[in-house]
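Undergrad: Pasting a structure here, questions to come.
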Amino acid sequence: MNCEYIFALDIGTRTVIGLLCRLADSGEMVVEHYHVEWHPQRAMLDGQIHDVESVADTISRIKESLEETLQTKFSTVAVAAAGRSLKTACGRAVRHRTVSGAMTRDEVLALEIEAVQQAQFQLAQEDAREQERNLYFCVGYSVVCYWLENQAIGSLVGQVGSEVAVEVIATFLPRVVVDSLLSALHLAGLQVSSLTLEPIAALSVAISPGMRHLNLALVDIGAGTSDIAVIREGNIFAYAMVPLGGDELSEVIAGKYLLDFQVAENVKRSLAGLETISVTDILGNQVDLQAADVLKVLEEKVNHIAGQIAENILSLNQGPPDAVICVGGGSLTPTLLESLANKLELPANRVGVRTPQSFEGIEYEAPFLAGPQGVTPLGIAFHYFATPPIPFLKVSVNNRDTVLWNSGELSVANALLSAGIALTEVYGKPGLGKTIEVNGQVKVWRGQAGTPPIIKVNGEPAGLESLLKEGDQVEFFPGENGESVDIRLSDLVQTTSGHVYVNGERLDLVPSIYINGRPGTVDDEVPDRARIEYRNLNSLENILIQAGLDEEWLKENCTYLLKLKQ
């Protein structure tokens, strides 16, 4: 990347916006150039790339245009991902310091990444089976709180102490979402220099630190998704995503009036400024649509979108926030904000749109960026300058490319977590054992031990703690589970047959065995925690009972006479 400019991309469901920005001597972020391209077809749905090649072509056109303007080449880009199928997890890292010097920014960053990795580990352990189907990648995190000597503090940089800690809320997306984004950038000849989540990017500019003492909800309403972030007590408290946006409204218009989707999109965008909109339907008929009539058609869908957004805000915040700040092109939808305020039971003036015109520290002249649709692309670039990007390290796990946040020393364990492999699956689990009571005596059988994993890095044997570098090839084969114990009655009791003569008559003997009070045979499997009672084949008691003698006659009957002295 050019040392003076950064290239930022907002890859949306309907449009892709590219910015060339630089940091002025005054500390302001200056937008020097921008370029907007509409997707020629519906290559993205609900924030997910469906046609990688089409999106890559759109990115390439923007890249080439800005390269020609600046007469330079860009190989890296700052991007943000929509919160499709978003998952969040909290992580905490504690470090005991032996040095007496002040904490550096790099030391704090390493502590934060350790907390992110702990959150990722927690997510991987919550449902190992789900991880097999949906591999998750961390796309951003926010610091909830720092601690110095067990006291909450605003920042650790420059602080001196023996014990420091940080708690973060990390956001994760399915690998299929991230991988398609990385693939489109790769086809366009770009590598990621900074990756974050769209609501995190929007927050960095839309809600200043001085506003974060309030309980606020930020809603980024795009074409395919509505991303939500909740701020409380000075920190980002939670994230969510509603898979609904402006495209749902365009689809309603297209279905009602038999319009091509792009024509319906133009109708939707004209509702706020025109009373009558002339269009041609798919059959070639010229139709004049009244904006008021179209708004009535959209009323049910608008209320549904507002209801879903409100439901998520109320769930995350456990009640209505102080106010809701809306950004993104979808926030301009007529009646949407009023409906959202009603759903949240807030006054209408507590739900509003925030535009870049009120942002401090950002200079731009592009009219397109002046509306709420300019917040996220500006936020992506601003986030790059405000939060030093963490470089990425690319390795391969079982022939699949895996991107890691390079915070310093990265091990095989980090790569396995990023590849969606839960660490509980690394070592083979021991087989199930059994505890069985036999005639009152408890016996324990242990299952077979599981085997360790086979791990190789670049073909050489390695372990979970082995450190990785760019381009390393990791081969991983999980350990095999040990076999469980299989106990049969024949393993516990005498099962040989025989015969005796009772009063001159031959008597064939069979074992007398009971499992949990029920008769059993020698081939029965014994369950765990079973109670076994049996009589030896050749015991006199067993012989007499099988000869027909009632068990009552075998019980000892004793009579005691007690004579008391006078």
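Following the order of the structure tokens, chains are lettered A, B, ..., residues in each are numbered from 1, and ligands are numbered from 1.
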For Met211 (chain A), please output as number ranges by chain all residues within 12 Å (counting only C-alpha atoms; exclusion window: fewer than 4 positions along the same chain).
TA: A: 203-207, 215-218, 231-236, 322-323, 325
Undergrad: Could you please take those selected residues and save N, CA, C and O atoms as a PDB file, in the first residue's frame?
TA:
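What ended up in selection_1.pdb:
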ATOM      1  N   LEU A 203     -19.542   2.419  13.873  1.00  0.00           N
ATOM      2  CA  LEU A 203     -19.457   2.961  15.222  1.00  0.00           C
ATOM      3  C   LEU A 203     -18.278   3.913  15.392  1.00  0.00           C
ATOM      4  O   LEU A 203     -18.358   4.899  16.120  1.00  0.00           O
ATOM      5  N   SER A 204     -17.168   3.595  14.725  1.00  0.00           N
ATOM      6  CA  SER A 204     -15.944   4.381  14.928  1.00  0.00           C
ATOM      7  C   SER A 204     -16.124   5.834  14.519  1.00  0.00           C
ATOM      8  O   SER A 204     -15.410   6.715  15.012  1.00  0.00           O
ATOM      9  N   VAL A 205     -17.091   6.110  13.631  1.00  0.00           N
ATOM     10  CA  VAL A 205     -17.315   7.498  13.212  1.00  0.00           C
ATOM     11  C   VAL A 205     -18.669   8.035  13.655  1.00  0.00           C
ATOM     12  O   VAL A 205     -18.819   9.232  13.910  1.00  0.00           O
ATOM     13  N   ALA A 206     -19.666   7.170  13.762  1.00  0.00           N
ATOM     14  CA  ALA A 206     -21.026   7.636  14.036  1.00  0.00           C
ATOM     15  C   ALA A 206     -21.253   7.946  15.506  1.00  0.00           C
ATOM     16  O   ALA A 206     -22.082   8.804  15.843  1.00  0.00           O
ATOM     17  N   ILE A 207     -20.566   7.251  16.390  1.00  0.00           N
ATOM     18  CA  ILE A 207     -20.757   7.455  17.825  1.00  0.00           C
ATOM     19  C   ILE A 207     -19.398   7.760  18.440  1.00  0.00           C
ATOM     20  O   ILE A 207     -18.568   6.868  18.619  1.00  0.00           O
ATOM     21  N   ASN A 215     -26.825   5.013  26.682  1.00  0.00           N
ATOM     22  CA  ASN A 215     -27.242   3.680  26.230  1.00  0.00           C
ATOM     23  C   ASN A 215     -27.846   3.834  24.830  1.00  0.00           C
ATOM     24  O   ASN A 215     -28.995   4.247  24.680  1.00  0.00           O
ATOM     25  N   LEU A 216     -27.033   3.531  23.809  1.00  0.00           N
ATOM     26  CA  LEU A 216     -27.419   3.762  22.424  1.00  0.00           C
ATOM     27  C   LEU A 216     -27.422   2.464  21.633  1.00  0.00           C
ATOM     28  O   LEU A 216     -26.682   1.526  21.939  1.00  0.00           O
ATOM     29  N   ALA A 217     -28.249   2.450  20.602  1.00  0.00           N
ATOM     30  CA  ALA A 217     -28.238   1.360  19.620  1.00  0.00           C
ATOM     31  C   ALA A 217     -27.921   1.953  18.259  1.00  0.00           C
ATOM     32  O   ALA A 217     -28.567   2.928  17.847  1.00  0.00           O
ATOM     33  N   LEU A 218     -26.936   1.402  17.598  1.00  0.00           N
ATOM     34  CA  LEU A 218     -26.605   1.809  16.231  1.00  0.00           C
ATOM     35  C   LEU A 218     -27.143   0.756  15.280  1.00  0.00           C
ATOM     36  O   LEU A 218     -26.900  -0.444  15.472  1.00  0.00           O
ATOM     37  N   ILE A 231     -24.458   0.098  22.687  1.00  0.00           N
ATOM     38  CA  ILE A 231     -23.449   0.735  23.530  1.00  0.00           C
ATOM     39  C   ILE A 231     -24.078   1.009  24.890  1.00  0.00           C
ATOM     40  O   ILE A 231     -25.195   1.550  24.979  1.00  0.00           O
ATOM     41  N   ARG A 232     -23.354   0.624  25.928  1.00  0.00           N
ATOM     42  CA  ARG A 232     -23.859   0.840  27.274  1.00  0.00           C
ATOM     43  C   ARG A 232     -22.689   1.017  28.224  1.00  0.00           C
ATOM     44  O   ARG A 232     -21.692   0.294  28.132  1.00  0.00           O
ATOM     45  N   GLU A 233     -22.778   2.002  29.103  1.00  0.00           N
ATOM     46  CA  GLU A 233     -21.754   2.274  30.117  1.00  0.00           C
ATOM     47  C   GLU A 233     -20.386   2.488  29.481  1.00  0.00           C
ATOM     48  O   GLU A 233     -19.359   2.024  29.984  1.00  0.00           O
ATOM     49  N   GLY A 234     -20.375   3.178  28.350  1.00  0.00           N
ATOM     50  CA  GLY A 234     -19.118   3.540  27.719  1.00  0.00           C
ATOM     51  C   GLY A 234     -18.499   2.477  26.848  1.00  0.00           C
ATOM     52  O   GLY A 234     -17.453   2.709  26.233  1.00  0.00           O
ATOM     53  N   ASN A 235     -19.119   1.301  26.746  1.00  0.00           N
ATOM     54  CA  ASN A 235     -18.523   0.198  25.986  1.00  0.00           C
ATOM     55  C   ASN A 235     -19.532  -0.390  25.005  1.00  0.00           C
ATOM     56  O   ASN A 235     -20.753  -0.263  25.187  1.00  0.00           O
ATOM     57  N   ILE A 236     -18.995  -1.027  23.978  1.00  0.00           N
ATOM     58  CA  ILE A 236     -19.844  -1.773  23.044  1.00  0.00           C
ATOM     59  C   ILE A 236     -20.274  -3.050  23.755  1.00  0.00           C
ATOM     60  O   ILE A 236     -19.458  -3.868  24.150  1.00  0.00           O
ATOM     61  N   ASP A 322     -31.640   4.468  25.250  1.00  0.00           N
ATOM     62  CA  ASP A 322     -31.955   5.901  25.335  1.00  0.00           C
ATOM     63  C   ASP A 322     -32.323   6.456  23.967  1.00  0.00           C
ATOM     64  O   ASP A 322     -33.194   7.329  23.853  1.00  0.00           O
ATOM     65  N   ALA A 323     -31.626   5.967  22.926  1.00  0.00           N
ATOM     66  CA  ALA A 323     -31.885   6.450  21.565  1.00  0.00           C
ATOM     67  C   ALA A 323     -31.352   5.430  20.574  1.00  0.00           C
ATOM     68  O   ALA A 323     -30.535   4.567  20.919  1.00  0.00           O
ATOM     69  N   ILE A 325     -29.590   5.272  16.705  1.00  0.00           N
ATOM     70  CA  ILE A 325     -28.949   6.015  15.618  1.00  0.00           C
ATOM     71  C   ILE A 325     -28.907   5.109  14.399  1.00  0.00           C
ATOM     72  O   ILE A 325     -28.357   4.000  14.452  1.00  0.00           O
TER      73      ILE A 325
END
Undergrad: List every residue of region 273-461 of chain A that DSSP, applied to the backbone, labels as helix (DSSP H, G or I), and write the result as a PyMOL selection string.
TA: chain A and resi 291-317+329-332+336-344+348-350+356-358+367-370+372-386+412-418+423-425
Undergrad: Any idea what's packed within 12 Å of Gln318 (chain A), counting only C-alpha atoms, ignoring anything in its chain fewer than 4 positions away? Could you give it as a PyMOL selection string?
TA: chain A and resi 215+230+232+237-238+310-314+344
Undergrad: Quick one: everything within 7 Å of Ile282 (chain A), counting only C-alpha atoms, minus sequence neighbours fewer than 5 positions away in the same chain. Send it as a VMD selection string.
TA: chain A and resid 258 to 260
Undergrad: Please produce an output containing N, CA, C and O atoms for each residue in the selection, written as a JSON list (two decimals), in the first residue's frame.
TA:
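Saved as part.json:
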[["chain", "number", "residue", "atom", "x", "y", "z"],
["A", 258, "LEU", "N", -45.03, -6.02, -11.31],
["A", 258, "LEU", "CA", -44.39, -6.75, -12.41],
["A", 258, "LEU", "C", -43.22, -5.96, -13.00],
["A", 258, "LEU", "O", -43.15, -5.70, -14.21],
["A", 259, "LEU", "N", -42.28, -5.61, -12.14],
["A", 259, "LEU", "CA", -41.13, -4.81, -12.57],
["A", 259, "LEU", "C", -39.84, -5.61, -12.46],
["A", 259, "LEU", "O", -39.71, -6.52, -11.62],
["A", 260, "ASP", "N", -38.90, -5.27, -13.33],
["A", 260, "ASP", "CA", -37.55, -5.78, -13.17],
["A", 260, "ASP", "C", -37.02, -5.30, -11.82],
["A", 260, "ASP", "O", -37.38, -4.21, -11.35]]
Undergrad: Out of region 250-496 of chain A, which residues get strand (DSSP E) from DSSP, as a VMD selection string?
TA: chain A and resid 276 to 280 286 to 290 323 to 327 351 to 353 362 to 363 392 to 397 400 to 405 434 to 438 441 to 445 454 to 457 460 to 461 473 to 477
Undergrad: Report, in Å with one decimal, the straight-line distance from CA of Leu464 (chain A) to CA of Ser411 (chain A).
TA: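 If I compute the distance from CA of Leu464 (chain A) to CA of Ser411 (chain A), I get 6.6 Å.
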